[in-house]
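Shown here: structure.cif, mmCIF, C-alpha atoms and all ligand atoms; chains and numbers go by the auth columns.
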data_start
loop_
_atom_site.group_PDB
_atom_site.id
_atom_site.type_symbol
_atom_site.label_atom_id
_atom_site.label_comp_id
_atom_site.label_asym_id
_atom_site.label_seq_id
_atom_site.Cartn_x
_atom_site.Cartn_y
_atom_site.Cartn_z
_atom_site.B_iso_or_equiv
_atom_site.auth_seq_id
_atom_site.auth_asym_id
ATOM 1 C CA THR A 1 73.603 -54.151 18.740 0.00 217 Z
ATOM 2 C CA ARG A 2 73.166 -50.508 17.769 0.00 218 Z
ATOM 3 C CA SER A 3 73.414 -47.951 20.580 0.00 219 Z
ATOM 4 C CA THR A 4 70.380 -45.921 21.602 0.00 220 Z
ATOM 5 C CA ARG A 5 69.962 -42.176 21.108 0.00 221 Z
ATOM 6 C CA PRO A 6 70.294 -41.515 24.868 0.00 222 Z
ATOM 7 C CA GLN A 7 73.505 -43.581 24.941 0.00 223 Z
ATOM 8 C CA ARG A 8 74.936 -41.548 22.064 0.00 224 Z
ATOM 9 C CA LEU A 9 73.915 -38.316 23.799 0.00 225 Z
ATOM 10 C CA LEU A 10 75.729 -39.461 26.989 0.00 226 Z
ATOM 11 C CA GLY A 11 78.784 -40.257 24.857 0.00 227 Z
ATOM 12 C CA ALA A 12 78.796 -36.690 23.539 0.00 228 Z
ATOM 13 C CA VAL A 13 78.688 -35.373 27.122 0.00 229 Z
ATOM 14 C CA GLN A 14 81.550 -37.608 28.267 0.00 230 Z
ATOM 15 C CA LYS A 15 83.612 -36.655 25.208 0.00 231 Z
ATOM 16 C CA ASN A 16 82.960 -32.900 25.126 0.00 232 Z
ATOM 17 C CA ALA A 17 81.940 -31.707 28.581 0.00 233 Z
ATOM 18 C CA THR A 18 84.077 -31.114 31.679 0.00 234 Z
ATOM 19 C CA ARG A 19 83.194 -33.133 34.800 0.00 235 Z
ATOM 20 C CA GLY A 20 81.603 -30.896 37.428 0.00 236 Z
ATOM 21 C CA ASP A 21 80.824 -28.138 34.936 0.00 237 Z
ATOM 22 C CA PRO A 22 77.038 -28.028 34.311 0.00 238 Z
ATOM 23 C CA GLY A 23 77.368 -25.299 31.658 0.00 239 Z
ATOM 24 C CA SER A 24 79.656 -27.489 29.566 0.00 240 Z
ATOM 25 C CA VAL A 25 77.211 -30.422 29.872 0.00 241 Z
ATOM 26 C CA ILE A 26 74.350 -28.216 28.620 0.00 242 Z
ATOM 27 C CA GLN A 27 76.527 -26.914 25.767 0.00 243 Z
ATOM 28 C CA ALA A 28 77.683 -30.406 24.762 0.00 244 Z
ATOM 29 C CA ILE A 29 74.100 -31.712 24.558 0.00 245 Z
ATOM 30 C CA ASP A 30 72.816 -28.701 22.615 0.00 246 Z
ATOM 31 C CA HIS A 31 75.731 -28.916 20.143 0.00 247 Z
ATOM 32 C CA TYR A 32 75.199 -32.645 19.629 0.00 248 Z
ATOM 33 C CA CYS A 33 71.406 -32.330 19.166 0.00 249 Z
ATOM 34 C CA ARG A 34 71.644 -29.316 16.860 0.00 250 Z
ATOM 35 C CA ASN A 35 74.439 -30.685 14.684 0.00 251 Z
ATOM 36 C CA LYS A 36 74.364 -34.464 14.896 0.00 252 Z
ATOM 37 C CA GLU A 37 71.098 -35.938 16.128 0.00 253 Z
ATOM 38 C CA TRP A 38 67.859 -34.275 17.297 0.00 254 Z
ATOM 39 C CA ALA A 39 66.624 -35.274 20.764 0.00 255 Z
ATOM 40 C CA MET A 40 63.685 -34.086 22.868 0.00 256 Z
ATOM 41 C CA ASN A 41 65.580 -31.927 25.369 0.00 257 Z
ATOM 42 C CA VAL A 42 63.917 -28.631 26.231 0.00 258 Z
ATOM 43 C CA GLY A 43 66.905 -27.121 24.374 0.00 259 Z
ATOM 44 C CA ASP A 44 68.748 -23.812 24.533 0.00 260 Z
ATOM 45 C CA GLU A 45 65.993 -21.392 23.446 0.00 261 Z
ATOM 46 C CA LYS A 46 63.222 -22.675 25.736 0.00 262 Z
ATOM 47 C CA GLY A 47 65.982 -23.482 28.244 0.00 263 Z
ATOM 48 C CA CYS A 48 66.687 -19.773 28.698 0.00 264 Z
ATOM 49 C CA ILE A 49 62.997 -19.203 29.516 0.00 265 Z
ATOM 50 C CA LEU A 50 63.188 -22.121 31.977 0.00 266 Z
ATOM 51 C CA ASP A 51 66.289 -20.546 33.548 0.00 267 Z
ATOM 52 C CA SER A 52 64.528 -17.203 34.002 0.00 268 Z
ATOM 53 C CA VAL A 53 61.501 -18.807 35.670 0.00 269 Z
ATOM 54 C CA VAL A 54 63.738 -20.898 37.994 0.00 270 Z
ATOM 55 C CA SER A 55 65.746 -17.793 38.945 0.00 271 Z
ATOM 56 C CA GLU A 56 62.557 -15.793 39.564 0.00 272 Z
ATOM 57 C CA VAL A 57 60.949 -18.524 41.729 0.00 273 Z
ATOM 58 C CA ASN A 58 64.240 -19.421 43.484 0.00 274 Z
ATOM 59 C CA PRO A 59 62.598 -22.682 44.594 0.00 275 Z
ATOM 60 C CA ALA A 60 63.489 -24.771 47.643 0.00 276 Z
ATOM 61 C CA THR A 61 61.508 -27.733 46.245 0.00 277 Z
ATOM 62 C CA VAL A 62 61.179 -28.638 42.565 0.00 278 Z
ATOM 63 C CA LEU A 63 59.368 -31.522 40.870 0.00 279 Z
ATOM 64 C CA GLU A 64 60.260 -32.421 37.285 0.00 280 Z
ATOM 65 C CA LEU A 65 57.959 -34.833 35.470 0.00 281 Z
ATOM 66 C CA GLY A 66 59.917 -36.380 32.612 0.00 282 Z
ATOM 67 C CA THR A 67 63.696 -36.528 33.096 0.00 283 Z
ATOM 68 C CA TYR A 68 64.660 -37.989 29.721 0.00 284 Z
ATOM 69 C CA CYS A 69 68.481 -37.632 29.550 0.00 285 Z
ATOM 70 C CA GLY A 70 68.660 -35.077 32.350 0.00 286 Z
ATOM 71 C CA TYR A 71 69.265 -31.952 30.254 0.00 287 Z
ATOM 72 C CA SER A 72 66.572 -29.832 31.958 0.00 288 Z
ATOM 73 C CA THR A 73 67.407 -31.480 35.282 0.00 289 Z
ATOM 74 C CA VAL A 74 70.942 -30.067 34.952 0.00 290 Z
ATOM 75 C CA ARG A 75 69.595 -26.685 33.762 0.00 291 Z
ATOM 76 C CA ILE A 76 67.362 -26.406 36.819 0.00 292 Z
ATOM 77 C CA ALA A 77 69.691 -27.932 39.445 0.00 293 Z
ATOM 78 C CA ARG A 78 72.636 -25.686 38.497 0.00 294 Z
ATOM 79 C CA LEU A 79 70.524 -22.647 39.483 0.00 295 Z
ATOM 80 C CA LEU A 80 69.207 -23.975 42.812 0.00 296 Z
ATOM 81 C CA PRO A 81 70.292 -22.544 46.170 0.00 297 Z
ATOM 82 C CA PRO A 82 72.489 -24.827 48.380 0.00 298 Z
ATOM 83 C CA HIS A 83 69.868 -26.884 50.290 0.00 299 Z
ATOM 84 C CA ALA A 84 67.173 -26.914 47.611 0.00 300 Z
ATOM 85 C CA LYS A 85 65.929 -30.280 46.342 0.00 301 Z
ATOM 86 C CA LEU A 86 64.867 -31.377 42.868 0.00 302 Z
ATOM 87 C CA ILE A 87 62.884 -34.597 42.500 0.00 303 Z
ATOM 88 C CA THR A 88 62.746 -35.797 38.898 0.00 304 Z
ATOM 89 C CA LEU A 89 60.595 -38.665 37.669 0.00 305 Z
ATOM 90 C CA GLU A 90 61.389 -40.854 34.657 0.00 306 Z
ATOM 91 C CA PHE A 91 59.193 -43.718 33.434 0.00 307 Z
ATOM 92 C CA ASN A 92 61.780 -45.507 31.280 0.00 308 Z
ATOM 93 C CA PRO A 93 64.519 -47.289 33.323 0.00 309 Z
ATOM 94 C CA ALA A 94 67.044 -47.381 30.451 0.00 310 Z
ATOM 95 C CA VAL A 95 66.671 -43.638 29.920 0.00 311 Z
ATOM 96 C CA ALA A 96 66.820 -43.004 33.694 0.00 312 Z
ATOM 97 C CA ALA A 97 70.175 -44.853 33.780 0.00 313 Z
ATOM 98 C CA ILE A 98 71.551 -42.417 31.176 0.00 314 Z
ATOM 99 C CA ALA A 99 70.141 -39.402 33.020 0.00 315 Z
ATOM 100 C CA ARG A 100 71.858 -40.474 36.265 0.00 316 Z
ATOM 101 C CA GLN A 101 75.203 -40.418 34.458 0.00 317 Z
ATOM 102 C CA VAL A 102 74.560 -37.039 32.820 0.00 318 Z
ATOM 103 C CA ILE A 103 73.539 -35.524 36.187 0.00 319 Z
ATOM 104 C CA ALA A 104 76.642 -37.068 37.812 0.00 320 Z
ATOM 105 C CA TRP A 105 78.897 -35.723 35.037 0.00 321 Z
ATOM 106 C CA ALA A 106 77.561 -32.246 35.816 0.00 322 Z
ATOM 107 C CA GLY A 107 78.355 -32.849 39.511 0.00 323 Z
ATOM 108 C CA LEU A 108 74.758 -32.201 40.580 0.00 324 Z
ATOM 109 C CA GLU A 109 73.780 -35.552 42.070 0.00 325 Z
ATOM 110 C CA ASP A 110 73.542 -34.074 45.601 0.00 326 Z
ATOM 111 C CA LYS A 111 70.744 -31.710 44.520 0.00 327 Z
ATOM 112 C CA VAL A 112 68.804 -34.235 42.474 0.00 328 Z
ATOM 113 C CA GLN A 113 66.736 -37.279 43.398 0.00 329 Z
ATOM 114 C CA LEU A 114 65.865 -39.275 40.285 0.00 330 Z
ATOM 115 C CA VAL A 115 62.916 -41.643 40.741 0.00 331 Z
ATOM 116 C CA GLU A 116 61.863 -44.302 38.234 0.00 332 Z
ATOM 117 C CA GLY A 117 58.151 -44.852 37.862 0.00 333 Z
ATOM 118 C CA ALA A 118 54.803 -43.680 36.548 0.00 334 Z
ATOM 119 C CA SER A 119 53.600 -40.229 37.611 0.00 335 Z
ATOM 120 C CA GLY A 120 50.109 -41.476 38.500 0.00 336 Z
ATOM 121 C CA ASP A 121 51.552 -43.979 40.972 0.00 337 Z
ATOM 122 C CA PHE A 122 54.295 -41.692 42.244 0.00 338 Z
ATOM 123 C CA ILE A 123 52.507 -38.387 42.913 0.00 339 Z
ATOM 124 C CA PRO A 124 50.250 -39.726 45.710 0.00 340 Z
ATOM 125 C CA ARG A 125 53.304 -41.144 47.508 0.00 341 Z
ATOM 126 C CA ILE A 126 55.571 -38.095 47.391 0.00 342 Z
ATOM 127 C CA LYS A 127 54.565 -36.558 50.750 0.00 343 Z
ATOM 128 C CA GLU A 128 55.157 -39.677 52.827 0.00 344 Z
ATOM 129 C CA GLN A 129 58.117 -41.108 50.855 0.00 345 Z
ATOM 130 C CA PHE A 130 60.073 -37.915 50.184 0.00 346 Z
ATOM 131 C CA GLY A 131 59.106 -35.704 53.090 0.00 347 Z
ATOM 132 C CA VAL A 132 58.008 -32.928 50.755 0.00 348 Z
ATOM 133 C CA LYS A 133 55.038 -30.806 51.858 0.00 349 Z
ATOM 134 C CA THR A 134 54.514 -28.692 48.721 0.00 350 Z
ATOM 135 C CA PHE A 135 56.453 -27.835 45.555 0.00 351 Z
ATOM 136 C CA ASP A 136 57.502 -24.288 44.757 0.00 352 Z
ATOM 137 C CA LEU A 137 58.033 -25.216 41.098 0.00 353 Z
ATOM 138 C CA VAL A 138 56.823 -28.104 38.907 0.00 354 Z
ATOM 139 C CA PHE A 139 58.268 -28.615 35.393 0.00 355 Z
ATOM 140 C CA LEU A 140 55.919 -30.733 33.259 0.00 356 Z
ATOM 141 C CA ASP A 141 57.831 -32.333 30.420 0.00 357 Z
ATOM 142 C CA HIS A 142 56.741 -35.962 30.337 0.00 358 Z
ATOM 143 C CA TRP A 143 53.752 -36.931 28.188 0.00 359 Z
ATOM 144 C CA LYS A 144 51.148 -34.382 27.019 0.00 360 Z
ATOM 145 C CA GLU A 145 48.235 -36.733 27.859 0.00 361 Z
ATOM 146 C CA TYR A 146 49.293 -36.735 31.518 0.00 362 Z
ATOM 147 C CA TYR A 147 49.739 -32.981 32.016 0.00 363 Z
ATOM 148 C CA LEU A 148 46.103 -32.412 33.010 0.00 364 Z
ATOM 149 C CA PRO A 149 45.416 -35.563 35.076 0.00 365 Z
ATOM 150 C CA ASP A 150 48.728 -35.160 36.921 0.00 366 Z
ATOM 151 C CA THR A 151 48.004 -31.485 37.661 0.00 367 Z
ATOM 152 C CA LYS A 152 44.603 -32.415 39.114 0.00 368 Z
ATOM 153 C CA LEU A 153 46.295 -35.194 41.104 0.00 369 Z
ATOM 154 C CA MET A 154 48.882 -32.757 42.520 0.00 370 Z
ATOM 155 C CA GLU A 155 46.052 -30.426 43.549 0.00 371 Z
ATOM 156 C CA GLU A 156 44.148 -33.291 45.214 0.00 372 Z
ATOM 157 C CA CYS A 157 47.280 -34.517 47.026 0.00 373 Z
ATOM 158 C CA GLY A 158 47.904 -31.030 48.443 0.00 374 Z
ATOM 159 C CA LEU A 159 51.272 -30.730 46.709 0.00 375 Z
ATOM 160 C CA LEU A 160 50.581 -27.186 45.478 0.00 376 Z
ATOM 161 C CA ARG A 161 50.405 -24.093 47.675 0.00 377 Z
ATOM 162 C CA LYS A 162 49.363 -20.493 46.977 0.00 378 Z
ATOM 163 C CA GLY A 163 52.104 -19.269 44.628 0.00 379 Z
ATOM 164 C CA SER A 164 53.339 -22.657 43.382 0.00 380 Z
ATOM 165 C CA VAL A 165 54.460 -22.318 39.758 0.00 381 Z
ATOM 166 C CA LEU A 166 53.701 -24.915 37.068 0.00 382 Z
ATOM 167 C CA LEU A 167 55.854 -24.641 33.929 0.00 383 Z
ATOM 168 C CA ALA A 168 54.801 -26.899 31.064 0.00 384 Z
ATOM 169 C CA ASP A 169 56.901 -27.678 27.985 0.00 385 Z
ATOM 170 C CA ASN A 170 55.446 -28.499 24.535 0.00 386 Z
ATOM 171 C CA VAL A 171 52.066 -26.870 25.006 0.00 387 Z
ATOM 172 C CA VAL A 172 52.001 -26.179 21.232 0.00 388 Z
ATOM 173 C CA CYS A 173 54.197 -28.967 19.790 0.00 389 Z
ATOM 174 C CA PRO A 174 53.278 -31.770 20.358 0.00 390 Z
ATOM 175 C CA GLY A 175 50.564 -29.783 22.204 0.00 391 Z
ATOM 176 C CA ALA A 176 48.519 -30.201 25.391 0.00 392 Z
ATOM 177 C CA PRO A 177 45.194 -28.547 24.504 0.00 393 Z
ATOM 178 C CA ASP A 178 43.145 -29.921 27.405 0.00 394 Z
ATOM 179 C CA TYR A 179 45.834 -28.792 29.894 0.00 395 Z
ATOM 180 C CA LEU A 180 45.987 -25.306 28.332 0.00 396 Z
ATOM 181 C CA GLU A 181 42.205 -24.969 28.422 0.00 397 Z
ATOM 182 C CA TYR A 182 42.195 -25.964 32.089 0.00 398 Z
ATOM 183 C CA VAL A 183 44.926 -23.667 33.437 0.00 399 Z
ATOM 184 C CA ARG A 184 43.777 -20.735 31.265 0.00 400 Z
ATOM 185 C CA SER A 185 40.091 -20.951 32.255 0.00 401 Z
ATOM 186 C CA SER A 186 40.404 -22.041 35.899 0.00 402 Z
ATOM 187 C CA PRO A 187 40.024 -19.239 38.503 0.00 403 Z
ATOM 188 C CA ARG A 188 42.645 -21.121 40.532 0.00 404 Z
ATOM 189 C CA TYR A 189 45.472 -20.327 38.083 0.00 405 Z
ATOM 190 C CA GLU A 190 47.098 -17.228 36.620 0.00 406 Z
ATOM 191 C CA SER A 191 48.523 -18.474 33.304 0.00 407 Z
ATOM 192 C CA ARG A 192 50.916 -16.999 30.721 0.00 408 Z
ATOM 193 C CA TYR A 193 52.331 -18.341 27.445 0.00 409 Z
ATOM 194 C CA PHE A 194 56.011 -17.888 26.583 0.00 410 Z
ATOM 195 C CA LYS A 195 56.251 -18.262 22.805 0.00 411 Z
ATOM 196 C CA SER A 196 59.362 -20.026 21.548 0.00 412 Z
ATOM 197 C CA HIS A 197 60.345 -22.848 19.188 0.00 413 Z
ATOM 198 C CA LEU A 198 60.518 -26.626 19.326 0.00 414 Z
ATOM 199 C CA GLU A 199 64.035 -27.494 20.442 0.00 415 Z
ATOM 200 C CA TYR A 200 66.666 -27.164 17.677 0.00 416 Z
ATOM 201 C CA THR A 201 64.009 -26.287 15.046 0.00 417 Z
ATOM 202 C CA LYS A 202 62.063 -23.343 13.596 0.00 418 Z
ATOM 203 C CA VAL A 203 58.707 -24.946 14.474 0.00 419 Z
ATOM 204 C CA GLU A 204 56.620 -22.970 16.979 0.00 420 Z
ATOM 205 C CA ASP A 205 56.370 -24.276 20.507 0.00 421 Z
ATOM 206 C CA GLY A 206 56.273 -22.629 23.904 0.00 422 Z
ATOM 207 C CA LEU A 207 56.123 -22.921 27.669 0.00 423 Z
ATOM 208 C CA GLU A 208 52.993 -22.204 29.715 0.00 424 Z
ATOM 209 C CA LYS A 209 53.675 -20.741 33.156 0.00 425 Z
ATOM 210 C CA SER A 210 50.753 -21.111 35.562 0.00 426 Z
ATOM 211 C CA VAL A 211 50.727 -19.808 39.137 0.00 427 Z
ATOM 212 C CA PHE A 212 48.456 -21.717 41.512 0.00 428 Z
ATOM 213 C CA LEU A 213 46.314 -19.235 43.455 0.00 429 Z
ATOM 214 C CA GLY A 214 45.261 -21.645 46.220 0.00 430 Z
HETATM 215 O O1 LIG B . 57.192 -36.755 24.446 0.00 1 W
HETATM 216 C C1 LIG B . 57.787 -35.702 24.802 0.00 1 W
HETATM 217 N N1 LIG B . 58.018 -35.483 26.124 0.00 1 W
HETATM 218 C C2 LIG B . 58.655 -34.348 26.533 0.00 1 W
HETATM 219 N N2 LIG B . 59.105 -33.410 25.708 0.00 1 W
HETATM 220 C C3 LIG B . 58.932 -33.582 24.352 0.00 1 W
HETATM 221 C C4 LIG B . 59.434 -32.614 23.457 0.00 1 W
HETATM 222 O O2 LIG B . 60.085 -31.536 23.996 0.00 1 W
HETATM 223 C C5 LIG B . 59.262 -32.759 22.082 0.00 1 W
HETATM 224 C C6 LIG B . 58.585 -33.880 21.582 0.00 1 W
HETATM 225 C C7 LIG B . 58.412 -34.024 20.111 0.00 1 W
HETATM 226 C C8 LIG B . 58.073 -32.910 19.346 0.00 1 W
HETATM 227 C C9 LIG B . 57.937 -33.023 17.971 0.00 1 W
HETATM 228 C C10 LIG B . 58.121 -34.259 17.372 0.00 1 W
HETATM 229 F F1 LIG B . 58.014 -34.372 16.028 0.00 1 W
HETATM 230 C C11 LIG B . 58.450 -35.381 18.125 0.00 1 W
HETATM 231 C C12 LIG B . 58.592 -35.259 19.510 0.00 1 W
HETATM 232 C C13 LIG B . 58.105 -34.863 22.452 0.00 1 W
HETATM 233 C C14 LIG B . 58.266 -34.720 23.839 0.00 1 W
HETATM 234 MG MG MG B . 59.698 -31.331 26.129 0.00 2 W
#
Just give me the structure of the file as structure tokens.
Amino acid sequence: TRSTRPQRLLGAVQKNATRGDPGSVIQAIDHYCRNKEWAMNVGDEKGCILDSVVSEVNPATVLELGTYCGYSTVRIARLLPPHAKLITLEFNPAVAAIARQVIAWAGLEDKVQLVEGASGDFIPRIKEQFGVKTFDLVFLDHWKEYYLPDTKLMEECGLLRKGSVLLADNVVCPGAPDYLEYVRSSPRYESRYFKSHLEYTKVEDGLEKSVFLG
């Protein structure tokens, strides 16, 4: 039976990237998706914005909603300080299995905890199951319909503290209008739009960075 897109993306990593070298894993995925087959990684252009936000926040605890093949997981984890922890959540088990191998190829498995499940079920359990009090940085990159409900759930579960940073991908394409309206109008957030392009294309997209004010 025909391979899946994530399987082919993993193949490109194993063929073209060096084990233990996160930069080469990122490069291999971007080259494959730009030249062979598009895939919904945050990509190199928005990835540089992600890198700058991660470096600025220098987080000890990171939550990523939506692992996909682990491209942004590797981008984030490669920049984390030694004892920092990244928890990444993926709904699709087959895709999670690919992401585990991509993260391992980059040599970053010690910094990353990949959890399979639905965000609505998982978020209320994080404190007790993962011993995390609050997140310094949350990267929302799962499904646009869940950005807003999951943000409200994180607030309710006390997972955000004064200064926690939410960074949301795809706020223009595919778009998360209700989420944008919320973080831009709420007095509890200081929000800013980083204009960019949909990964590997000329279509507009961008990242919304929102600081929780407590
Ligand atoms: O569903 C998505 N989750 C996370 N990130 C995405 C992402 O970066 C891009 C897209 C996407 C954008 C345009 C299109 F024509 C088809 C899919 C979807 C997701
Ligand atoms: Mg995305």
Open item on the list: Since I can't run it myself right now, could you work out what the PyMOL selection byres (((chain Z and resi 258-260) around 7) and not hetatm) selects here and report it as a VMD selection string?
Closed with: chain Z and resid 246 256 to 257 261 to 264 288 415 to 416
Export C-alpha atoms of the chosen residues as a CSV table (one decimal), in the frame of the given file?
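Final file, result.csv:
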chain,number,residue,atom,x,y,z
Z,246,ASP,CA,72.8,-28.7,22.6
Z,256,MET,CA,63.7,-34.1,22.9
Z,257,ASN,CA,65.6,-31.9,25.4
Z,261,GLU,CA,66.0,-21.4,23.4
Z,262,LYS,CA,63.2,-22.7,25.7
Z,263,GLY,CA,66.0,-23.5,28.2
Z,264,CYS,CA,66.7,-19.8,28.7
Z,288,SER,CA,66.6,-29.8,32.0
Z,415,GLU,CA,64.0,-27.5,20.4
Z,416,TYR,CA,66.7,-27.2,17.7
- [ ] Find the residue from Z:Asp357, Z:Glu424, Z:Glu272, Z:Asp352 that sits nearest to ligand MG 2 (chain W); use all atoms listed in the file when measuring.
- [x]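 Counting all atoms listed in the file, the residue closest to ligand MG 2 (chain W) is Z:Asp357.
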Determine the residue membership of the PyMOL selection byres (((chain Z and resi 425) around 7) and not hetatm) for the file above and supply it as a PDB file with C-alpha atoms, in the coordinates of the input.
ATOM      1  CA  VAL Z 381      54.460 -22.318  39.758  1.00  0.00           C
ATOM      2  CA  LEU Z 382      53.701 -24.915  37.068  1.00  0.00           C
ATOM      3  CA  LEU Z 383      55.854 -24.641  33.929  1.00  0.00           C
ATOM      4  CA  ALA Z 384      54.801 -26.899  31.064  1.00  0.00           C
ATOM      5  CA  SER Z 407      48.523 -18.474  33.304  1.00  0.00           C
ATOM      6  CA  ARG Z 408      50.916 -16.999  30.721  1.00  0.00           C
ATOM      7  CA  TYR Z 409      52.331 -18.341  27.445  1.00  0.00           C
ATOM      8  CA  LEU Z 423      56.123 -22.921  27.669  1.00  0.00           C
ATOM      9  CA  GLU Z 424      52.993 -22.204  29.715  1.00  0.00           C
ATOM     10  CA  SER Z 426      50.753 -21.111  35.562  1.00  0.00           C
ATOM     11  CA  VAL Z 427      50.727 -19.808  39.137  1.00  0.00           C
TER      12      VAL Z 427
END
Open item on the list: Just the number, please: distance in Å from atom CA of Gly282 of chain Z to atom C5 of ligand LIG 1 (chain W), one decimal.
Closed with: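 According to the coordinates, atom CA of Gly282 of chain Z and atom C5 of ligand LIG 1 (chain W) are separated by 11.2 Å.
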Show me, as JSON, the centre and edge lengths in Å to one decimal of the axis-aligned box that covers every listed atom of segment 255-270 of chain Z with 5 Å on each side.
{"center_x": 65.1, "center_y": -26.2, "center_z": 29.4, "size_x": 17.2, "size_y": 28.1, "size_z": 27.2}
TODO: Kindly indicate which residue among Z:Asp385, Z:Asp394, Z:Asp267, Z:Glu332 lies nearest to ligand MG 2 (chain W), using only C-alpha atoms and all ligand atoms for the distances.
DONE: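 Between Z:Asp385, Z:Asp394, Z:Asp267, Z:Glu332, the residue approaching ligand MG 2 (chain W) most closely is Z:Asp385.
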Task: Residue members of the PyMOL selection byres (((chain Z and resi 278) around 7) and not hetatm) in the file shown, as a list of chain:residue names - done: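 That expression, the PyMOL selection byres (((chain Z and resi 278) around 7) and not hetatm), corresponds here to Z:Pro275, Z:Ala276, Z:Thr277, Z:Leu279, Z:Glu280, Z:Lys301, Z:Leu302, Z:Ile303, Z:Phe351, Z:Asp352, Z:Leu353, Z:Val354.
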Task: Surrounding residues of Pro365 of chain Z excluding itself and chain neighbours under 4 positions, 10 Å, only C-alpha atoms, as a list in words - done: Ser335, Gly336, Lys360, Glu361, Leu369, Met370, Glu371, Asp394 and Tyr395 of chain Z
- [ ] List every protein, DNA or RNA residue that has at least one atom no more than 10 Å from (78.1, -34.9, 37.7) in the file's coordinates, counting all atoms listed in the file, and write the result as a VMD selection string.
- [x] chain Z and resid 234 to 238 241 290 316 to 326
For Pro222 of chain Z, work out the shell of residues within 9 Å, counting all atoms listed in the file and skipping chain neighbours fewer than 5 positions away, then give it as a PDB file with C-alpha atoms, keeping the file's coordinate frame.
ATOM      1  CA  GLY Z 227      78.784 -40.257  24.857  1.00  0.00           C
ATOM      2  CA  ALA Z 255      66.624 -35.274  20.764  1.00  0.00           C
ATOM      3  CA  TYR Z 284      64.660 -37.989  29.721  1.00  0.00           C
ATOM      4  CA  CYS Z 285      68.481 -37.632  29.550  1.00  0.00           C
ATOM      5  CA  ALA Z 310      67.044 -47.381  30.451  1.00  0.00           C
ATOM      6  CA  VAL Z 311      66.671 -43.638  29.920  1.00  0.00           C
ATOM      7  CA  ILE Z 314      71.551 -42.417  31.176  1.00  0.00           C
ATOM      8  CA  ALA Z 315      70.141 -39.402  33.020  1.00  0.00           C
TER       9      ALA Z 315
END
Open item on the list: Which residue is closest to Val328 of chain Z? Choose from Z:Asn308, Z:Gln345, Z:Thr283, Z:Thr220 and count only C-alpha atoms.
Closed with: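 Residue with the minimum atom-to-atom distance to Val328 of chain Z: Z:Thr283.
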Open item on the list: Could you check the closest approach to ligand LIG 1 (chain W) for each of Z:Ser402, Z:Gln230, Z:Gln329, Z:Thr417 and tell me which residue wins, using all atoms listed in the file?
Closed with: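 Residue with the minimum atom-to-atom distance to ligand LIG 1 (chain W): Z:Thr417.
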TODO: Just give me the gap between atom CA of Ala228 of chain Z and atom C6 of ligand LIG 1 (chain W) in Å, one decimal is fine.
DONE: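 Result for atom CA of Ala228 of chain Z versus atom C6 of ligand LIG 1 (chain W): 20.5 Å, one decimal.
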- [ ] With a distance cut-off of 12 Å and all atoms listed in the file, select the neighbouring residues of Pro340 of chain Z, excluding the residue or stretch itself and same-chain residues fewer than 3 positions from it, and output the selection as a ChimeraX atom specification.
- [x] /Z:334-337,343-346,348-349,366-375
Open item on the list: Which residue is closest to Glu306 of chain Z? Choose from Z:Val269, Z:Ala233, Z:Leu396, Z:Leu330 and count all atoms listed in the file.
Closed with: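 Using all atoms listed in the file, Glu306 of chain Z sits closest to Z:Leu330.
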Open item on the list: Ranking Z:Ala300, Z:Trp254, Z:Phe410, Z:Ile339 by minimum distance to ligand LIG 1 (chain W) and counting all atoms listed in the file, which one comes first?
Closed with: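 Distance minimum relative to ligand LIG 1 (chain W) lands on Z:Trp254.
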